[in-house]
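To keep things clear, I will list the structure first and then write my remarks on it.
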Amino acid sequence: MIHLACSYIPYEIPLAAGIPAARGVFEGPLPSMEGYLPRDFCAYARAFIRKYKDDDVVAIAESCDAMRRVYDVLRYWNLAHTVYFVDVPRTHDPDAISFYAHELESLASRLLRSESSPCQEFSEKLMLAINCMNQIRKELSNVFRLVSERQLSAVKGIEIAVNVNQILAGFRSAQDSSEAVPCLTQDFGPGVFDALIERIKAMVSQTVSESAPLSQDRGRIPVGVSGTCLLDSSLIECVENVGLDVVFIDSCLPSRTFDFVVDTSATSLPFRALAEAYLNKAPCPRMFQGTERIQHLHKLALDHGAEGLIYFAPKFCDQAYYDFIEIKHGLKAKGSLPVLLLEGQYGSGKTGQVLTRVEAFREMLEGAQILKAGK
Amino acid sequence: MTPGTFDTGKSHRKIAGETRRIKVIRTLTRKSWVHSAAKLVISHMERRGGTPYQIDAIRSFADDFKHAYLKEKPCIYTSAFVPNELIYGLGGVPFLPEAASGFAASFGFARESLAACESLWYSPDLCSFHRAGVGASVLELAPRPAAVVVSSHLCDGGKRSLYQISRYHDCPFYILDVPYTNSVQSLDRLAKQIGKVARGLEHEVPGLSKAHMDEAIANSNAARSHYLRLCNLRANIPSPWRGREALSYVVLFLWSWGSPWLTKFYQALANHAADVIQSGEYPVRNERFRLAWSNLKPYYSPRLFDYLEDECEVSIAFEEFSYMYWDPLDARDPYVSLAKKIMSNPGWGPIERRLEVVNRIIREFSIDGVVQFAQWGCRQYNGATSVLSDYLRKKGIPFLNLDGDGVDARNSGEAQSLTRLGAFLELMESRDIRNSR
């Protein structure tokens, strides 16, 4: 099993190597692991500190100072047997794309435990994995289209995204093998991912059909949620319970993990295609693309009719603290989308303080609606 | 105004709530007679027998500040680990807001800068060196930047805060995206980026040209030679230089490579250290212990160091930030040389690189114990505390992680720090650390 620490690390590479992979999704830092990182570190970084199984692999990206320290701590204290560092550029110019393509190729070699570049056979499998992930991403895009159309609650949307992650974690190309061992010797034909895609489609369709219908109360106000890492769905639940409808979530899980397509039509080089797609997806606050982020959020708000934005910053996340300021000023310059900053840890949506602030935000948005109607 | 830049419809200075004192200082820094007067004062200090290295340090900053505030040369903001040979080599003058925050704290201006920054929604959980830098820039206590250059390695706050500053001032922003792994491809990518930034600056900032690059590289190499001599002298027991001063002059180490003044400064400082050793007039004469200091220090109060150096007779023999980590630069291939310099930083890459340098400092400077000043909000250094602590424990070197804040006095408990330092020294005493090693 390979644990991915960032939305910029492609699922496709472990999938092509036949290794189950999943983005790290946690319920919070483990109390027994508190001493390894200081308390003034973001909860996501601290949650990554745990004892992994001997055959597990952890892939840490160059996301921020905190995740670099996670990489050091996991190795130094032997908390994980194998820890890879993925050097994700902070820019997306052609040089950065070439560099990242090479970095991804090197990740594949390490996963395949090979000292040379991955062979042609692996490239073919990688193309299959890319197509598979494109279909999975399409399924999830459809789910979040329903969320934006207010036919499905955002909490359900997140639940589906987390379930997809779990199904990918359970992916086996080798029979009964849970190890992070490449399975290239297995029969790995074009249909290898069909069962996986079908399973995901069935789960999505079942979850959507079993969802309770959303309140059609016209008084509910549509809002968006943005930030670096949402940590868990408690905040979304709180926002929905207060009477706001979440119509988009700009966070590393779900949207920045799934809301893009890897285009393989322009190149026959799969690593290049991956590098290009991942570095050009909706930017994370770690990238120096403030203007693009503001435009992206402004467009999301316009397209989905959001009347406000809730920005969630995990406590002690420097990237979010700086990003919020830029988003707040940038959106103000483009119009007057009100922005609420909420800071917190895992489970912060269950706290009275957050509830009070979200209620106050709703009242403010209602006031703005009344004023608008009066004009 | 370019899309995405900040426009709140109201001056940031007004939002930040500038005081009368700030207005006066801002006005004075931009008056040529003030800089002329400063020059006279420095000359007077020199005639009155001021310490040569201190005079050179003041001259170095006075010279850069004059060029920057009076717009005699383009002022380029850089983050702490950008090789400023690039800026001097282009004929510009660097300004490091995070390093200048230390000055602001020393002179008692940090409070206003921090308040200004927080009024613009910056979280108090961010590192105060960066918050004060943003605040000083917004209040225009700092000179106006013609462009901003940051490197992506080591510190998220540094690059992000400077990115915001470039937005406030609507000026070009360049990032050197430093690869993590040391390889031929990484070096090539970084060298290309440095070349591209140099060309971009030449193109976008009037008055910059790489005609001065050879001179800046030569200055840097000359300063490096004197600096290495100083480091050798600092290995002397007892220590020939006060650690509190060394920690103040770390700012020059971060700022002035490529400046002609740095060569003079390190030459004078090395001469001073040699004189101290020859005369036996050591700042801490009966040196009980020798400490290595990691990260920076509280710049607003000298009490910790009065206690350590004067009351307890403990020397700070060397600082992790002062470690010389790069090879001489090659003027024939400046961008590759500067790329190598950036990538040699021991704080970058896997933690083993930093541990190796700490180990060398312990060996080369006969260190008895290590104190890490755990700057509030510094994820880069504090994140390695458990690793560093264990590494030193296995080597039998006592380690103290001292929580505090270098700029924001509100985050520091000075009495608590003194108590912890006292306990740490008692522990070293009781273990008879010096004789047991």
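Starting from 1 in every chain, residues are counted up; chains themselves are A, B, ... following the order of the structure tokens, and ligands are numbered from 1 as listed.
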
Long-range neighbours of B:Ala80 as a PyMOL selection string, 10 Å cut-off, only C-alpha atoms, 5 positions minimum in chain
chain B and resi 95-99+150-151+153-155+158-159+251+253-255

Saved selection, atoms kept: N, CA and C atoms, as a CSV table (one decimal), in the first residue's frame:
chain,number,residue,atom,x,y,z
B,95,PHE,N,17.3,44.2,-0.4
B,95,PHE,CA,16.7,44.5,0.9
B,95,PHE,C,15.9,43.3,1.4
B,96,LEU,N,16.2,42.9,2.6
B,96,LEU,CA,15.6,41.6,3.1
B,96,LEU,C,14.7,42.0,4.3
B,97,PRO,N,13.4,42.1,4.0
B,97,PRO,CA,12.4,42.5,5.0
B,97,PRO,C,12.5,41.7,6.3
B,98,GLU,N,12.7,40.3,6.1
B,98,GLU,CA,12.7,39.5,7.3
B,98,GLU,C,13.9,39.8,8.2
B,99,ALA,N,15.1,40.1,7.5
B,99,ALA,CA,16.3,40.4,8.3
B,99,ALA,C,16.1,41.8,8.9
B,150,VAL,N,12.6,35.7,-4.7
B,150,VAL,CA,12.6,34.8,-3.6
B,150,VAL,C,13.1,33.4,-4.1
B,151,SER,N,13.6,32.7,-3.1
B,151,SER,CA,13.9,31.3,-3.4
B,151,SER,C,12.9,30.4,-2.7
B,153,HIS,N,13.3,27.5,-1.3
B,153,HIS,CA,13.7,26.5,-0.3
B,153,HIS,C,13.7,27.1,1.1
B,154,LEU,N,13.7,26.2,2.0
B,154,LEU,CA,13.8,26.5,3.5
B,154,LEU,C,12.6,27.0,4.2
B,155,CYS,N,12.0,28.1,3.7
B,155,CYS,CA,11.1,28.8,4.6
B,155,CYS,C,9.9,29.2,3.8
B,158,GLY,N,8.9,33.1,4.4
B,158,GLY,CA,9.7,34.1,3.7
B,158,GLY,C,9.2,34.3,2.3
B,159,LYS,N,9.0,33.3,1.5
B,159,LYS,CA,8.6,33.5,0.1
B,159,LYS,C,7.2,34.0,0.0
B,251,VAL,N,22.8,38.9,10.4
B,251,VAL,CA,22.0,39.7,9.3
B,251,VAL,C,22.9,40.0,8.1
B,253,PHE,N,25.5,38.3,7.2
B,253,PHE,CA,25.8,37.0,6.6
B,253,PHE,C,24.7,36.6,5.6
B,254,LEU,N,23.5,37.0,6.0
B,254,LEU,CA,22.3,36.7,5.1
B,254,LEU,C,22.2,37.8,4.0
B,255,TRP,N,22.7,39.0,4.2
B,255,TRP,CA,22.3,40.1,3.4
B,255,TRP,C,23.4,40.5,2.3

List as a list of chain:residue names the protein and nucleic acid residues near B:Ile165, meaning an atom at most 8 Å away when only C-alpha atoms are counted, but skip any in the same chain fewer than 2 places from it.
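Contacts, in chain order: B:Val134, B:Ser137, B:Val138, B:Ser161, B:Leu162, B:Tyr163, B:Arg167, B:Tyr168, B:His169.
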
Nearest to chain A by atom-to-atom distance, counting only C-alpha atoms, from B:Ala223, B:Leu252, B:Ala246, B:Leu355
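When distances to chain A are compared using only C-alpha atoms, the smallest one comes from B:Leu355.
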
Could you write out as a compact mmCIF listing (two decimals) with C-alpha atoms, in the first residue's frame the residues of chain A within 6 Å of chain B, counting only C-alpha atoms?
# COMPACT_ATOMS: atom_id res chain seq x y z
CA TYR A 36 7.53 13.86 17.03
CA LEU A 37 6.42 17.25 15.70
CA ASP A 65 8.00 23.16 5.49
CA ALA A 66 5.79 20.94 7.64
CA ARG A 69 9.74 17.66 8.32
CA ASP A 72 12.50 13.57 8.00
CA THR A 291 -4.01 35.53 -9.86
CA HIS A 329 -8.42 41.06 -1.24
CA GLY A 330 -8.53 39.58 -4.76
CA ALA A 333 -11.30 43.71 -6.04

Write out as a PyMOL selection string which residues come within 12 Å of A:Ser268 when counting only C-alpha atoms, dropping same-chain ones fewer than 4 positions away.
chain A and resi 120+123-124+126-127+263-264+272-274

For those residues, write N, CA and C atoms to a file as a compact mmCIF listing (two decimals), in the first residue's frame.
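Written out: again_17.txt:
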# COMPACT_ATOMS: atom_id res chain seq x y z
N GLN A 120 9.17 0.10 -21.65
CA GLN A 120 8.05 0.41 -22.55
C GLN A 120 6.77 -0.24 -22.04
N SER A 123 5.20 1.88 -19.54
CA SER A 123 4.58 3.07 -20.15
C SER A 123 3.19 2.74 -20.67
N GLU A 124 3.07 1.57 -21.26
CA GLU A 124 1.75 1.16 -21.79
C GLU A 124 0.76 1.01 -20.64
N LEU A 126 0.93 2.48 -17.83
CA LEU A 126 0.67 3.82 -17.29
C LEU A 126 -0.42 4.52 -18.10
N MET A 127 -0.39 4.31 -19.41
CA MET A 127 -1.44 4.90 -20.25
C MET A 127 -2.81 4.34 -19.85
N ASP A 263 -4.57 14.71 -20.35
CA ASP A 263 -4.75 14.61 -21.80
C ASP A 263 -3.56 13.85 -22.40
N THR A 264 -3.84 12.71 -22.97
CA THR A 264 -2.75 11.91 -23.55
C THR A 264 -2.73 12.03 -25.07
N ARG A 272 5.24 12.77 -19.19
CA ARG A 272 5.11 14.16 -19.61
C ARG A 272 3.64 14.60 -19.49
N ALA A 273 2.74 13.72 -19.95
CA ALA A 273 1.31 14.05 -19.89
C ALA A 273 0.86 14.24 -18.44
N LEU A 274 1.36 13.35 -17.57
CA LEU A 274 1.00 13.46 -16.15
C LEU A 274 1.53 14.76 -15.55

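For the set A:Ser148, A:Gln289, A:Thr257, A:Ser109, the residue with the smallest atom-to-atom gap to A:Val225 is A:Ser148, counting only C-alpha atoms.
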
DSSP strand (DSSP E or B) residues within stretch 238-310 of chain A, listed as an MDAnalysis selection string:
chainID A and resid 244:250 308:310

Can you spit out the residues from that selection as an mmCIF file, in the first residue's frame, using N, CA and C atoms?
data_model
loop_
_atom_site.group_PDB
_atom_site.id
_atom_site.type_symbol
_atom_site.label_atom_id
_atom_site.label_comp_id
_atom_site.auth_asym_id
_atom_site.auth_seq_id
_atom_site.Cartn_x
_atom_site.Cartn_y
_atom_site.Cartn_z
ATOM 1 N N LEU A 244 -27.007 26.742 4.960
ATOM 2 C CA LEU A 244 -26.313 27.187 3.749
ATOM 3 C C LEU A 244 -26.087 25.963 2.864
ATOM 4 N N ASP A 245 -26.105 26.168 1.557
ATOM 5 C CA ASP A 245 -25.807 25.062 0.648
ATOM 6 C C ASP A 245 -24.398 25.224 0.107
ATOM 7 N N VAL A 246 -23.576 24.201 0.298
ATOM 8 C CA VAL A 246 -22.207 24.257 -0.236
ATOM 9 C C VAL A 246 -22.265 23.818 -1.700
ATOM 10 N N VAL A 247 -21.935 24.746 -2.613
ATOM 11 C CA VAL A 247 -22.056 24.413 -4.039
ATOM 12 C C VAL A 247 -20.710 24.098 -4.693
ATOM 13 N N PHE A 248 -19.622 24.428 -4.038
ATOM 14 C CA PHE A 248 -18.320 23.938 -4.521
ATOM 15 C C PHE A 248 -17.343 23.868 -3.350
ATOM 16 N N ILE A 249 -16.399 22.956 -3.486
ATOM 17 C CA ILE A 249 -15.352 22.814 -2.455
ATOM 18 C C ILE A 249 -14.006 22.851 -3.163
ATOM 19 N N ASP A 250 -13.270 23.928 -2.957
ATOM 20 C CA ASP A 250 -11.938 24.056 -3.562
ATOM 21 C C ASP A 250 -10.916 23.665 -2.497
ATOM 22 N N GLY A 308 -21.304 33.648 -1.104
ATOM 23 C CA GLY A 308 -20.270 33.872 -0.102
ATOM 24 C C GLY A 308 -19.242 32.759 -0.186
ATOM 25 N N LEU A 309 -18.100 32.993 0.436
ATOM 26 C CA LEU A 309 -17.050 31.979 0.437
ATOM 27 C C LEU A 309 -16.592 31.757 1.872
ATOM 28 N N ILE A 310 -16.524 30.500 2.260
ATOM 29 C CA ILE A 310 -15.963 30.170 3.577
ATOM 30 C C ILE A 310 -14.570 29.616 3.352
#

Among stretch 109-279 of chain B, which residues carry a DSSP assignment of helix (DSSP H, G or I), reported as a PyMOL selection string?
chain B and resi 110-119+128-138+156-168+184-204+210-234+243-255+260-279

Counting only C-alpha atoms, what is within 9 Å of stretch 357-368 of chain B, bar same-chain residues fewer than 3 positions away, as a PyMOL selection string?
chain B and resi 231-232+234-237+289-292+294+316-320+323+325+346+352-354+388+392+397-398+428+433-434+437

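Straight-line separation from atom CA of A:Ser215 to atom CA of A:Val164: 25.9 Å.
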
Contacts of B:Ala147 at 10 Å or less, counting only C-alpha atoms, minus same-chain residues fewer than 3 places along, as number ranges by chain?
B: 74-78, 94, 144, 165-166, 169-174, 201, 204-205

Go through B:Tyr335, B:Tyr307, B:Phe129, B:Tyr300 one by one, measure the shortest atom-to-atom distance of each to B:Ser79 using only C-alpha atoms, and give the residue with the smallest value.
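The closest residue to B:Ser79 is B:Phe129.
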
Quick one: of A:Ala275, A:Gly35, A:Ile370, A:Gly305, who's nearest to A:Phe99, counting only C-alpha atoms?
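Nearest to A:Phe99: A:Ala275.
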
When you look at B:Ala374 with a cut-off of 7 Å (counting only C-alpha atoms), what residues show up, excluding the ones that are within fewer than 5 positions of it in the same chain? I need them as a list in words.
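Near B:Ala374, the qualifying residues are Asn382, Asn401, Leu402, Asp403 and Gly404 of chain B.
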
I'd like the contact shell of A:Val143 - 9 Å cut-off, only C-alpha atoms, skipping same-chain residues fewer than 3 positions apart - returned as a PyMOL selection string.
chain A and resi 138-140+146-148+152+157+160-161+204+208

Any chance you can output those residues with C-alpha atoms as a CSV table (one decimal), in the first residue's frame?
chain,number,residue,atom,x,y,z
A,138,LYS,CA,-15.2,12.0,-14.6
A,139,GLU,CA,-17.5,10.0,-12.2
A,140,LEU,CA,-16.5,12.3,-9.4
A,146,LEU,CA,-25.0,17.3,-8.6
A,147,VAL,CA,-23.6,19.1,-5.5
A,148,SER,CA,-23.4,22.4,-7.4
A,152,LEU,CA,-26.8,16.2,-3.5
A,157,GLY,CA,-20.0,14.3,-2.2
A,160,ILE,CA,-18.1,9.5,-2.1
A,161,ALA,CA,-14.7,11.0,-2.8
A,204,VAL,CA,-21.3,6.2,-6.6
A,208,VAL,CA,-26.4,9.0,-4.8

Atom-to-atom span, atom CA of B:Tyr69 and atom CA of B:Ser32, Å
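Atom CA of B:Tyr69 sits 8.9 Å away from atom CA of B:Ser32.
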
Proximity to B:Gly195 - best of B:Asn221, B:Ser337, B:Ser279, B:Gln267, only C-alpha atoms:
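Nearest to B:Gly195: B:Ser337.
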